[in-house]
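S.K.: Following this line is target-v4.txt, made up of compact mmCIF, C-alpha atoms:
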```txt
# COMPACT_ATOMS: atom_id res chain seq x y z
CA MET A 209 16.89 -45.46 42.49
CA SER A 210 13.19 -46.35 42.49
CA LEU A 211 12.30 -42.84 43.69
CA ILE A 212 14.14 -41.32 40.76
CA THR A 213 12.40 -43.72 38.41
CA GLU A 214 8.98 -42.85 39.82
CA ARG A 215 9.64 -39.15 39.46
CA ARG A 216 10.66 -39.64 35.88
CA HIS A 217 7.47 -41.54 35.17
CA ASP A 218 5.35 -38.97 36.98
CA GLY A 219 6.88 -36.04 35.13
CA ALA A 220 6.64 -35.18 31.49
CA SER A 221 8.48 -37.56 29.23
CA PRO A 222 11.50 -36.07 27.50
CA ALA A 223 11.02 -34.89 23.95
CA PRO A 224 12.26 -37.35 21.35
CA ALA A 225 15.24 -36.44 19.27
CA GLY A 226 14.66 -34.64 16.01
CA GLY A 227 12.24 -32.04 17.39
CA ALA A 228 9.08 -34.08 16.91
CA SER A 229 7.22 -32.75 19.95
CA PRO A 230 6.95 -29.07 18.93
CA ARG A 231 4.99 -30.00 15.80
CA PRO A 232 1.54 -30.10 17.43
CA ALA A 233 2.22 -26.73 19.05
CA ALA A 234 3.31 -25.33 15.70
CA ARG A 235 0.13 -26.67 14.14
CA ARG A 236 -1.91 -25.03 16.89
CA ARG A 237 -0.18 -21.73 16.22
CA ARG A 238 -0.76 -21.99 12.49
CA GLY A 239 -4.39 -22.98 12.95
CA PRO A 240 -5.71 -19.66 14.32
CA HIS A 241 -3.61 -17.75 11.78
CA ARG A 242 -5.11 -19.71 8.89
CA TRP A 243 -8.58 -19.22 10.34
CA ARG A 244 -8.05 -15.46 10.56
CA THR A 245 -6.82 -15.42 6.96
CA TRP A 246 -9.85 -17.33 5.70
CA GLU A 247 -12.09 -15.13 7.83
CA ARG A 248 -10.67 -11.97 6.24
CA VAL A 249 -10.99 -13.43 2.74
CA SER A 250 -14.54 -14.66 3.34
CA LEU A 251 -15.70 -11.37 4.82
CA GLY A 252 -14.07 -9.43 1.99
CA LEU A 253 -15.63 -11.57 -0.73
CA GLY A 254 -18.96 -11.47 1.06
CA GLY A 255 -18.87 -7.69 1.19
CA ILE A 256 -18.05 -7.49 -2.52
CA LEU A 257 -20.91 -9.84 -3.41
CA VAL A 258 -23.37 -7.83 -1.31
CA PHE A 259 -22.18 -4.61 -2.94
CA CYS A 260 -22.54 -6.10 -6.43
CA ALA A 261 -26.05 -7.31 -5.61
CA ILE A 262 -27.07 -3.86 -4.36
CA VAL A 263 -25.66 -2.12 -7.43
CA GLN A 264 -27.34 -4.67 -9.72
CA PHE A 265 -30.67 -4.03 -8.00
CA VAL A 266 -30.27 -0.25 -8.22
CA THR A 267 -29.29 -0.26 -11.91
CA THR A 268 -32.02 -2.74 -12.84
CA VAL A 269 -35.00 -1.59 -10.76
CA LEU A 270 -34.48 1.86 -9.27
CA TYR A 271 -32.48 3.64 -11.98
CA THR A 272 -33.50 2.95 -15.54
CA ASP A 273 -31.52 5.60 -17.44
CA HIS A 274 -28.96 3.16 -18.79
CA ASP A 275 -27.35 5.80 -21.00
CA THR A 276 -25.67 7.23 -17.89
CA LEU A 277 -25.71 4.25 -15.50
CA PRO A 278 -25.88 0.89 -17.29
CA VAL A 279 -26.90 -2.40 -15.75
CA PHE A 280 -24.10 -3.61 -13.52
CA GLY A 281 -24.09 -7.10 -15.02
CA GLU A 282 -23.41 -5.66 -18.47
CA VAL A 283 -20.53 -3.63 -17.03
CA LEU A 284 -19.01 -6.79 -15.55
CA VAL A 285 -19.26 -8.55 -18.92
CA ARG A 286 -17.47 -5.62 -20.58
CA PHE A 287 -14.86 -5.68 -17.81
CA VAL A 288 -14.08 -9.34 -18.50
CA ARG A 289 -13.79 -8.65 -22.24
CA LEU A 290 -11.09 -6.06 -21.55
CA PHE A 291 -8.63 -8.86 -20.81
CA GLY A 292 -8.87 -9.98 -24.44
CA GLU A 293 -7.85 -6.57 -25.81
CA PRO A 294 -4.11 -5.87 -26.33
CA ALA A 295 -4.67 -2.12 -25.91
CA PHE A 296 -5.89 -2.74 -22.37
CA TYR A 297 -2.57 -4.26 -21.29
CA ALA A 298 -0.64 -1.35 -22.77
CA ALA A 299 -2.80 1.15 -20.89
CA LEU A 300 -2.59 -0.88 -17.68
CA TRP A 301 1.20 -1.00 -17.90
CA GLU A 302 1.37 2.78 -18.38
CA THR A 303 -0.49 3.28 -15.11
CA ILE A 304 1.47 0.63 -13.22
CA ALA A 305 4.82 1.96 -14.47
CA ALA A 306 4.06 5.53 -13.37
CA PHE A 307 2.75 4.27 -10.04
CA LEU A 308 5.73 2.03 -9.28
CA LEU A 309 8.32 4.57 -10.37
CA GLY A 310 6.65 7.32 -8.36
CA ILE A 311 6.18 5.34 -5.15
CA VAL A 312 9.74 3.96 -5.23
CA ILE A 313 11.28 7.42 -5.67
CA ALA A 314 8.94 8.88 -3.04
CA THR A 315 9.93 6.13 -0.61
CA VAL A 316 13.64 6.75 -1.10
CA ILE A 317 13.30 10.52 -0.71
CA GLY A 318 10.78 10.32 2.13
CA VAL A 319 12.78 7.82 4.18
CA ALA A 320 16.05 9.69 3.67
CA LEU A 321 14.60 13.07 4.66
CA GLY A 322 12.48 11.62 7.46
CA VAL A 323 15.43 9.85 9.05
CA LEU A 324 17.58 12.97 8.67
CA PHE A 325 14.93 15.18 10.26
CA GLY A 326 14.32 12.64 13.01
CA LEU A 327 17.99 12.45 13.93
CA SER A 328 18.79 16.16 13.63
CA GLU A 329 16.49 18.65 15.35
CA LEU A 330 18.40 21.55 13.79
CA THR A 331 17.84 20.22 10.27
CA TYR A 332 14.16 19.68 10.94
CA ARG A 333 13.61 23.16 12.36
CA SER A 334 15.44 24.81 9.48
CA SER A 335 13.36 22.89 6.90
CA ARG A 336 10.01 22.81 8.66
CA THR A 337 8.69 26.06 7.18
CA THR A 338 9.50 24.95 3.64
CA VAL A 339 7.92 21.54 4.20
CA GLU A 340 4.74 23.01 5.67
CA LEU A 341 4.57 25.46 2.76
CA LEU A 342 4.81 22.77 0.08
CA ARG A 343 2.79 19.99 1.70
CA PRO A 344 -0.72 21.52 1.32
CA ILE A 345 -0.27 22.23 -2.40
CA PRO A 346 -2.39 19.77 -4.45
CA ALA A 347 -0.42 17.88 -7.05
CA THR A 348 -3.07 18.64 -9.66
CA ALA A 349 -2.47 22.37 -9.18
CA LEU A 350 1.04 21.88 -10.58
CA ILE A 351 -0.13 20.21 -13.79
CA PRO A 352 0.13 23.32 -16.04
CA VAL A 353 3.67 24.08 -14.85
CA MET A 354 4.76 20.44 -15.17
CA ILE A 355 3.33 20.18 -18.69
CA ILE A 356 5.26 23.28 -19.77
CA ILE A 357 8.52 21.97 -18.30
CA PHE A 358 8.31 18.19 -18.82
CA GLY A 359 5.49 17.63 -21.33
CA THR A 360 2.80 15.01 -20.78
CA GLY A 361 4.91 11.87 -20.63
CA LEU A 362 5.94 9.47 -17.91
CA GLY A 363 8.39 11.94 -16.38
CA MET A 364 5.71 14.52 -15.62
CA LYS A 365 3.41 11.95 -14.03
CA THR A 366 6.24 10.53 -11.95
CA ILE A 367 7.25 13.93 -10.57
CA LEU A 368 3.69 14.77 -9.56
CA VAL A 369 3.21 11.35 -7.99
CA VAL A 370 6.39 11.80 -5.96
CA PHE A 371 5.30 15.26 -4.86
CA ALA A 372 1.88 14.02 -3.74
CA SER A 373 2.99 10.86 -1.96
CA VAL A 374 6.31 11.74 -0.32
CA TRP A 375 4.81 13.54 2.68
CA ALA A 376 3.22 10.59 4.47
CA ILE A 377 6.43 8.59 4.16
CA LEU A 378 8.56 11.52 5.30
CA PHE A 379 6.57 12.23 8.45
CA ASN A 380 6.10 8.57 9.33
CA ALA A 381 9.85 8.06 9.03
CA LEU A 382 10.48 11.16 11.14
CA TYR A 383 8.15 10.07 13.95
CA GLY A 384 9.29 6.47 13.68
CA VAL A 385 12.90 7.52 14.29
CA ARG A 386 11.93 9.84 17.13
CA ASN A 387 9.86 7.15 18.85
CA VAL A 388 12.80 4.77 19.20
CA ASP A 389 13.48 4.19 22.89
CA PRO A 390 16.58 6.21 23.92
CA LEU A 391 17.55 3.45 26.36
CA THR A 392 17.78 1.03 23.45
CA LYS A 393 20.17 3.33 21.63
CA ASP A 394 22.23 3.87 24.78
CA MET A 395 22.47 0.13 25.31
CA ALA A 396 23.69 -0.33 21.74
CA ARG A 397 26.38 2.27 22.33
CA THR A 398 27.53 0.48 25.49
CA PHE A 399 28.19 -2.57 23.31
CA GLY A 400 30.57 -0.48 21.22
CA LEU A 401 28.36 0.36 18.25
CA LYS A 402 29.23 3.59 16.49
CA ARG A 403 26.65 6.22 15.48
CA PHE A 404 25.98 4.87 11.99
CA ALA A 405 25.88 1.30 13.26
CA VAL A 406 23.26 2.32 15.84
CA ILE A 407 21.20 3.95 13.09
CA ARG A 408 21.49 0.95 10.79
CA ARG A 409 21.01 -1.82 13.35
CA VAL A 410 18.74 -0.21 15.95
CA VAL A 411 16.98 2.94 14.76
CA LEU A 412 15.95 1.90 11.24
CA PRO A 413 14.65 -1.58 12.18
CA ALA A 414 12.59 -0.08 15.02
CA ALA A 415 11.19 2.63 12.73
CA LEU A 416 10.40 0.34 9.79
CA PRO A 417 6.81 -0.56 10.80
CA MET A 418 5.82 3.10 10.96
CA ILE A 419 7.69 3.83 7.73
CA TRP A 420 5.83 0.99 6.00
CA ALA A 421 2.52 2.35 7.26
CA GLY A 422 3.44 5.61 5.52
CA VAL A 423 4.26 3.69 2.34
CA ARG A 424 0.80 2.07 2.41
CA ILE A 425 -0.87 5.47 2.71
CA SER A 426 1.31 6.95 -0.01
CA ALA A 427 0.69 4.02 -2.35
CA THR A 428 -3.02 4.77 -2.32
CA VAL A 429 -2.35 8.46 -2.92
CA SER A 430 0.07 7.63 -5.75
CA LEU A 431 -2.43 5.47 -7.60
CA ILE A 432 -5.17 8.09 -7.24
CA VAL A 433 -2.86 10.81 -8.57
CA VAL A 434 -1.70 8.72 -11.54
CA ILE A 435 -5.23 7.86 -12.66
CA THR A 436 -6.44 11.42 -12.05
CA LEU A 437 -3.62 12.83 -14.18
CA GLU A 438 -4.38 10.40 -16.99
CA LEU A 439 -8.06 11.29 -16.75
CA LEU A 440 -7.41 15.04 -16.88
CA LEU A 441 -4.85 14.81 -19.68
CA GLY A 442 -7.15 12.67 -21.81
CA GLY A 443 -5.87 10.61 -24.71
CA SER A 444 -5.49 6.85 -24.48
CA VAL A 445 -2.61 6.70 -22.00
CA GLY A 446 -3.20 4.61 -18.90
CA VAL A 447 -6.36 3.49 -17.15
CA GLY A 448 -7.45 7.10 -16.63
CA GLY A 449 -7.01 7.73 -20.34
CA MET A 450 -9.21 4.72 -21.06
CA ILE A 451 -11.97 6.26 -18.94
CA ALA A 452 -11.66 9.66 -20.61
CA GLN A 453 -11.50 8.24 -24.13
CA ALA A 454 -14.41 5.84 -23.61
CA ARG A 455 -16.69 8.54 -22.24
CA ALA A 456 -15.75 11.57 -24.34
CA GLY A 457 -14.35 10.18 -27.58
CA GLN A 458 -16.23 6.91 -28.11
CA ASN A 459 -19.26 7.57 -25.88
CA ASP A 460 -18.90 3.98 -24.68
CA VAL A 461 -20.43 4.04 -21.20
CA LEU A 462 -19.78 0.34 -20.58
CA ALA A 463 -16.08 0.75 -21.39
CA ALA A 464 -15.84 3.78 -19.10
CA TYR A 465 -17.36 1.97 -16.13
CA SER A 466 -15.32 -1.16 -16.76
CA ALA A 467 -12.15 0.96 -16.71
CA ILE A 468 -13.30 2.43 -13.39
CA ILE A 469 -13.60 -1.12 -12.05
CA VAL A 470 -10.05 -1.78 -13.27
CA ALA A 471 -8.85 1.21 -11.26
CA GLY A 472 -10.63 -0.09 -8.16
CA VAL A 473 -9.28 -3.61 -8.56
CA LEU A 474 -5.77 -2.26 -9.07
CA GLY A 475 -6.01 -0.25 -5.85
CA LEU A 476 -7.34 -3.29 -3.98
CA LEU A 477 -4.47 -5.48 -5.19
CA VAL A 478 -1.89 -2.88 -4.20
CA ASN A 479 -3.35 -2.63 -0.71
CA ILE A 480 -3.53 -6.43 -0.32
CA ALA A 481 0.11 -6.82 -1.40
CA LEU A 482 1.38 -4.12 0.96
CA ALA A 483 -0.70 -5.47 3.86
CA ALA A 484 0.69 -8.97 3.23
CA VAL A 485 4.25 -7.64 3.37
CA GLU A 486 3.41 -5.82 6.60
CA ARG A 487 2.00 -8.96 8.24
CA ARG A 488 4.94 -11.03 7.03
CA PHE A 489 7.80 -8.81 8.16
CA PHE A 490 6.34 -6.51 10.83
CA ALA A 491 3.97 -8.80 12.72
CA TRP A 492 6.01 -8.16 15.89
CA SER A 493 5.12 -4.46 15.86
CA THR A 494 2.30 -3.07 18.00
CA THR A 495 1.53 -0.69 15.12
CA THR A 496 0.85 -3.66 12.83
CA ARG A 497 -1.21 -5.55 15.43
CA GLU A 498 -3.35 -2.51 16.17
CA GLY A 499 -3.85 -1.85 12.44
```
Let me see the structure of the file written as structure tokens.

M.R.:
Amino acid sequence: MSLITERRHDGASPAPAGGASPRPAARRRRGPHRWRTWERVSLGLGGILVFCAIVQFVTTVLYTDHDTLPVFGEVLVRFVRLFGEPAFYAALWETIAAFLLGIVIATVIGVALGVLFGLSELTYRSSRTTVELLRPIPATALIPVMIIIFGTGLGMKTILVVFASVWAILFNALYGVRNVDPLTKDMARTFGLKRFAVIRRVVLPAALPMIWAGVRISATVSLIVVITLELLLGGSVGVGGMIAQARAGQNDVLAAYSAIIVAGVLGLLVNIALAAVERRFFAWSTTTREG
């Protein structure tokens, strides 16, 4: 009896009820994660501040033609004033609406076709020539045709955004499906899962990290295409329209550069949001850890 008692005292004491002992370990796990988050934020903000300081120095000391390149501090002041103008929010929503609609439709089409091509070699081979023929065509080259057919509204921008951004999602979905371990699928079948159940419960979850990487790439492309279309079409529609109107119509250089900053901030926020989703839901993936 004493031997048993000694061994109990020598060994680790049993964890108290209620799960109190794992808390320090959980705190230790959260600690490095929080440090990495703050490190990323600090480095990002530091880089932005250094960039702003360099641009301020260039526009103040090295380049004095402020009719074409104004002082950066004045541009920032004009950028802040945009948030007090109702027209700015209308233009911003035009860009965001076209971007969101385009990327959602491109994701649905790209994932559907990519999964289909990844599962069926015959379908992929029969469609490969058409895909490789269409993929290199720039979306901006289709603007005249799209204007004739659909006009210059939201529909035209959405179609061109889908055309430009669907390819990265399609091919990432295709390769994501093909890279699923065949042994994993065979094991699922041995447990009695049918073909569609294997696709839904094994193939798609395994391919999701690569698909999401394609969505991140396509989101950047989508935003660039939307703003480029608005810039080329002119008018006052969207952030690109703000740039075109400020420079050509009003000759307001400060407004033009402040709208360019809006475009950059919008792209940064989109990338941060998509990266946060990736870290939250796909942290287990080697693709996410390596990225």

S.K.: Using all atoms listed in the file, find each residue of range 234-328 of chain A with at least one atom at most 9 Å away from an atom of range 438-454 of chain A; report its shortest atom-to-atom pair and that distance in Å (one decimal), sort the rows by chain and rising residue number, and return the result as a Markdown table.

M.R.:
```
| residue | atom | partner | partner_atom | distance |
| --- | --- | --- | --- | --- |
| A:Phe296 | CA | A:Val447 | CA | 8.1 |
| A:Ala298 | CA | A:Gly446 | CA | 7.6 |
| A:Ala299 | CA | A:Gly446 | CA | 4.0 |
| A:Leu300 | CA | A:Gly446 | CA | 5.7 |
| A:Trp301 | CA | A:Gly446 | CA | 7.2 |
| A:Glu302 | CA | A:Gly446 | CA | 5.0 |
| A:Thr303 | CA | A:Gly446 | CA | 4.8 |
| A:Ile304 | CA | A:Gly446 | CA | 8.4 |
```

S.K.: Would you pick out the contacts of Gly322 in chain A at 12 Å or less, using all atoms listed in the file, so that residues sharing its chain but fewer than 6 positions from it are not included, and give the list as a list of chain:residue names?

M.R.: A:Ala314, A:Thr315, A:Val316, A:Ser328, A:Glu329, A:Thr331, A:Tyr332, A:Ser335, A:Arg336, A:Val339, A:Val374, A:Trp375, A:Ala376, A:Ile377, A:Leu378, A:Phe379, A:Asn380, A:Ala381, A:Leu382, A:Tyr383, A:Gly384, A:Val385, A:Arg386, A:Leu412, A:Ala415, A:Leu416, A:Met418, A:Ile419, A:Gly422

S.K.: Residues within 12 Å of range 279-290 of chain A, please, as an mmCIF file with C-alpha atoms, in the coordinates of the input. Count all atoms listed in the file; anything in the same chain fewer than 6 positions from it doesn't count.

M.R.:
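In the end it all went to out00.cif:
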```
data_model
loop_
_atom_site.group_PDB
_atom_site.id
_atom_site.type_symbol
_atom_site.label_atom_id
_atom_site.label_comp_id
_atom_site.auth_asym_id
_atom_site.auth_seq_id
_atom_site.Cartn_x
_atom_site.Cartn_y
_atom_site.Cartn_z
ATOM 1 C CA PHE A 259 -22.180 -4.610 -2.940
ATOM 2 C CA CYS A 260 -22.540 -6.100 -6.430
ATOM 3 C CA ALA A 261 -26.050 -7.310 -5.610
ATOM 4 C CA ILE A 262 -27.070 -3.860 -4.360
ATOM 5 C CA VAL A 263 -25.660 -2.120 -7.430
ATOM 6 C CA GLN A 264 -27.340 -4.670 -9.720
ATOM 7 C CA PHE A 265 -30.670 -4.030 -8.000
ATOM 8 C CA VAL A 266 -30.270 -0.250 -8.220
ATOM 9 C CA THR A 267 -29.290 -0.260 -11.910
ATOM 10 C CA THR A 268 -32.020 -2.740 -12.840
ATOM 11 C CA VAL A 269 -35.000 -1.590 -10.760
ATOM 12 C CA LEU A 270 -34.480 1.860 -9.270
ATOM 13 C CA TYR A 271 -32.480 3.640 -11.980
ATOM 14 C CA THR A 272 -33.500 2.950 -15.540
ATOM 15 C CA ASP A 273 -31.520 5.600 -17.440
ATOM 16 C CA PHE A 296 -5.890 -2.740 -22.370
ATOM 17 C CA TYR A 297 -2.570 -4.260 -21.290
ATOM 18 C CA ALA A 298 -0.640 -1.350 -22.770
ATOM 19 C CA ALA A 299 -2.800 1.150 -20.890
ATOM 20 C CA LEU A 300 -2.590 -0.880 -17.680
ATOM 21 C CA VAL A 447 -6.360 3.490 -17.150
ATOM 22 C CA MET A 450 -9.210 4.720 -21.060
ATOM 23 C CA ASP A 460 -18.900 3.980 -24.680
ATOM 24 C CA VAL A 461 -20.430 4.040 -21.200
ATOM 25 C CA LEU A 462 -19.780 0.340 -20.580
ATOM 26 C CA ALA A 463 -16.080 0.750 -21.390
ATOM 27 C CA ALA A 464 -15.840 3.780 -19.100
ATOM 28 C CA TYR A 465 -17.360 1.970 -16.130
ATOM 29 C CA SER A 466 -15.320 -1.160 -16.760
ATOM 30 C CA ALA A 467 -12.150 0.960 -16.710
ATOM 31 C CA ILE A 468 -13.300 2.430 -13.390
ATOM 32 C CA ILE A 469 -13.600 -1.120 -12.050
ATOM 33 C CA VAL A 470 -10.050 -1.780 -13.270
ATOM 34 C CA ALA A 471 -8.850 1.210 -11.260
ATOM 35 C CA GLY A 472 -10.630 -0.090 -8.160
ATOM 36 C CA VAL A 473 -9.280 -3.610 -8.560
#
```

S.K.: Have a look at CA of Ile345 in chain A and CA of Gly363 in chain A and let me know their distance in Å, one decimal.

M.R.: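 Answer for the CA of Ile345 in chain A to CA of Gly363 in chain A separation: 19.4 Å.
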
S.K.: Between CA of Val433 in chain A and CA of Ala372 in chain A, what is the distance, to one decimal in Å?

M.R.: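 So the two atoms, CA of Val433 in chain A and CA of Ala372 in chain A, lie 7.5 Å apart.
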
S.K.: So the first atom is CA of Asn387 in chain A and the second is CA of Val411 in chain A; what is the distance between them in Å, to one decimal place?

M.R.: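 The value is 9.2 Å.
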
S.K.: Using only C-alpha atoms, list the residues that have an atom at most 10 Å from (0.7, -3.2, 6.9), coordinates as in the file, as a ChimeraX atom specification.

M.R.: /A:417-425,479-491,495-497,499

S.K.: Go ahead and write the selection's residues with C-alpha atoms as a short mmCIF file (atom, residue, chain, number, x, y, z; two decimals), in the coordinates of the input.

M.R.:
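Okay, this is what ended up in again17.cif:
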```
data_model
loop_
_atom_site.label_atom_id
_atom_site.label_comp_id
_atom_site.auth_asym_id
_atom_site.auth_seq_id
_atom_site.Cartn_x
_atom_site.Cartn_y
_atom_site.Cartn_z
CA PRO A 417 6.81 -0.56 10.80
CA MET A 418 5.82 3.10 10.96
CA ILE A 419 7.69 3.83 7.73
CA TRP A 420 5.83 0.99 6.00
CA ALA A 421 2.52 2.35 7.26
CA GLY A 422 3.44 5.61 5.52
CA VAL A 423 4.26 3.69 2.34
CA ARG A 424 0.80 2.07 2.41
CA ILE A 425 -0.87 5.47 2.71
CA ASN A 479 -3.35 -2.63 -0.71
CA ILE A 480 -3.53 -6.43 -0.32
CA ALA A 481 0.11 -6.82 -1.40
CA LEU A 482 1.38 -4.12 0.96
CA ALA A 483 -0.70 -5.47 3.86
CA ALA A 484 0.69 -8.97 3.23
CA VAL A 485 4.25 -7.64 3.37
CA GLU A 486 3.41 -5.82 6.60
CA ARG A 487 2.00 -8.96 8.24
CA ARG A 488 4.94 -11.03 7.03
CA PHE A 489 7.80 -8.81 8.16
CA PHE A 490 6.34 -6.51 10.83
CA ALA A 491 3.97 -8.80 12.72
CA THR A 495 1.53 -0.69 15.12
CA THR A 496 0.85 -3.66 12.83
CA ARG A 497 -1.21 -5.55 15.43
CA GLY A 499 -3.85 -1.85 12.44
#
```

S.K.: With all atoms listed in the file as the basis for distance, which of A:Leu350, A:Val319, A:Leu324, A:Ile311 is at the shortest distance from Ser426 in chain A?

M.R.: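 Under the stated criterion, the closest residue is A:Ile311.
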